[in-house]
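Presented below is the structure to which this report refers.
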Amino acid sequence: MCGDDLEQEINKSVSNRQLLNMFTLEKSLVFYLNGISSNKRVIEKMRVNAPKLNLSTANLEYLDDLTIENSQCYEMAQVYSQVLAGLMDARASVISNNLNVMMKNLNALVIAVSVPSFFRRRGRDVGIFRNDWIYKLEIGYPLFLGS
């Protein structure tokens with residue numbers, strides 16, 4: 001998948017699959033950058049050994065063009081890799097923030113559900129809490145909050 005497609009998928013969804021696709025793309029870019037760097041060394045070696053290889057001037061010009069194209073390709077891949085790394089960091093932060101908000105909401109719900117049971121246990125034999133209707137409230141209150 002392309003980086004833009006992955007970005008749109010992550011904007012729609014917070015599942016791990018899209019982040020894993022981005023990690024795979026970044027890993028591929030590392031191998032691609034390594035391959036381009038190796039090509040640069042091979043081209044330089046050919047340039048140095050041009051007299052031994054009996055290269056013509058047309059071939060030398062072709063090697064010069066190839067050197068320029070290779071360096072441009074390396075720079076483009078490096079920029080893309082840096083942008084992808086920044087995008088992954090940003091997306092991970094968004095997902096982490098969404099998780100924090102969800103945990104905060106769940107924590108508030110747990111506190112709200114536990115309030116009636118706290119009073120029942122603390123005041124079992126005191127006043128109105130002696131009655132059996134508080135048990136029904138303990139069951140109904142969480143169901144009311146959940147709906």
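In the structure tokens, chains take letters A, B, ... by order of appearance, with residues numbered from 1 within each chain and ligands from 1 in the order shown.
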**OP:** May I have the residues within 12 Å of Asn59 in chain A as a list in words, using only C-alpha atoms and disregarding those fewer than 4 positions away in the same chain?
**Re:**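 Selected residues are Ile43, Met46, Arg47, Ala50, Pro51, Leu53, Asn54, Leu55, Leu63, Asp64, Asp65 and Leu66 of chain A.
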**OP:** Give me the residues within 10 Å of Glu75 in chain A as a ChimeraX atom specification, counting only C-alpha atoms and dropping any in the same chain fewer than 5 places off.
**Re:** /A:33,36,69-70,80-81
Enumerate, in order of chain and increasing residue number, the residues of range 44-101 of chain A with an atom no farther than 10 Å from range 105-108 of chain A, each with its shortest atom pair and distance in Å to one decimal, counting only C-alpha atoms, as JSON lines.
```
{"residue": "A:Leu99", "atom": "CA", "partner": "A:Asn105", "partner_atom": "CA", "distance": 9.9}
{"residue": "A:Asn100", "atom": "CA", "partner": "A:Asn105", "partner_atom": "CA", "distance": 8.7}
{"residue": "A:Val101", "atom": "CA", "partner": "A:Asn105", "partner_atom": "CA", "distance": 6.3}
```
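The space between CA of Val48 in chain A and CA of Gln78 in chain A spans 26.2 Å.
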Subject >> Residue among A:Met22, A:Met88, A:Thr67, A:Ala77 lying closest to Val42 in chain A, counting only C-alpha atoms >> reply: A:Thr67
Subject >> Between CA of Gly35 in chain A and CA of Tyr62 in chain A - distance in Å to one decimal >> reply: 19.8 Å
Subject >> Atom pair CA of Leu109 in chain A / CA of Ser93 in chain A: separation (Å) >> reply: 24.3 Å
Subject >> Selected residue, from A:Asn49, A:Ser71, A:Gln82, A:Asn39, that lies nearest to Glu26 in chain A when counting only C-alpha atoms >> reply: A:Gln82
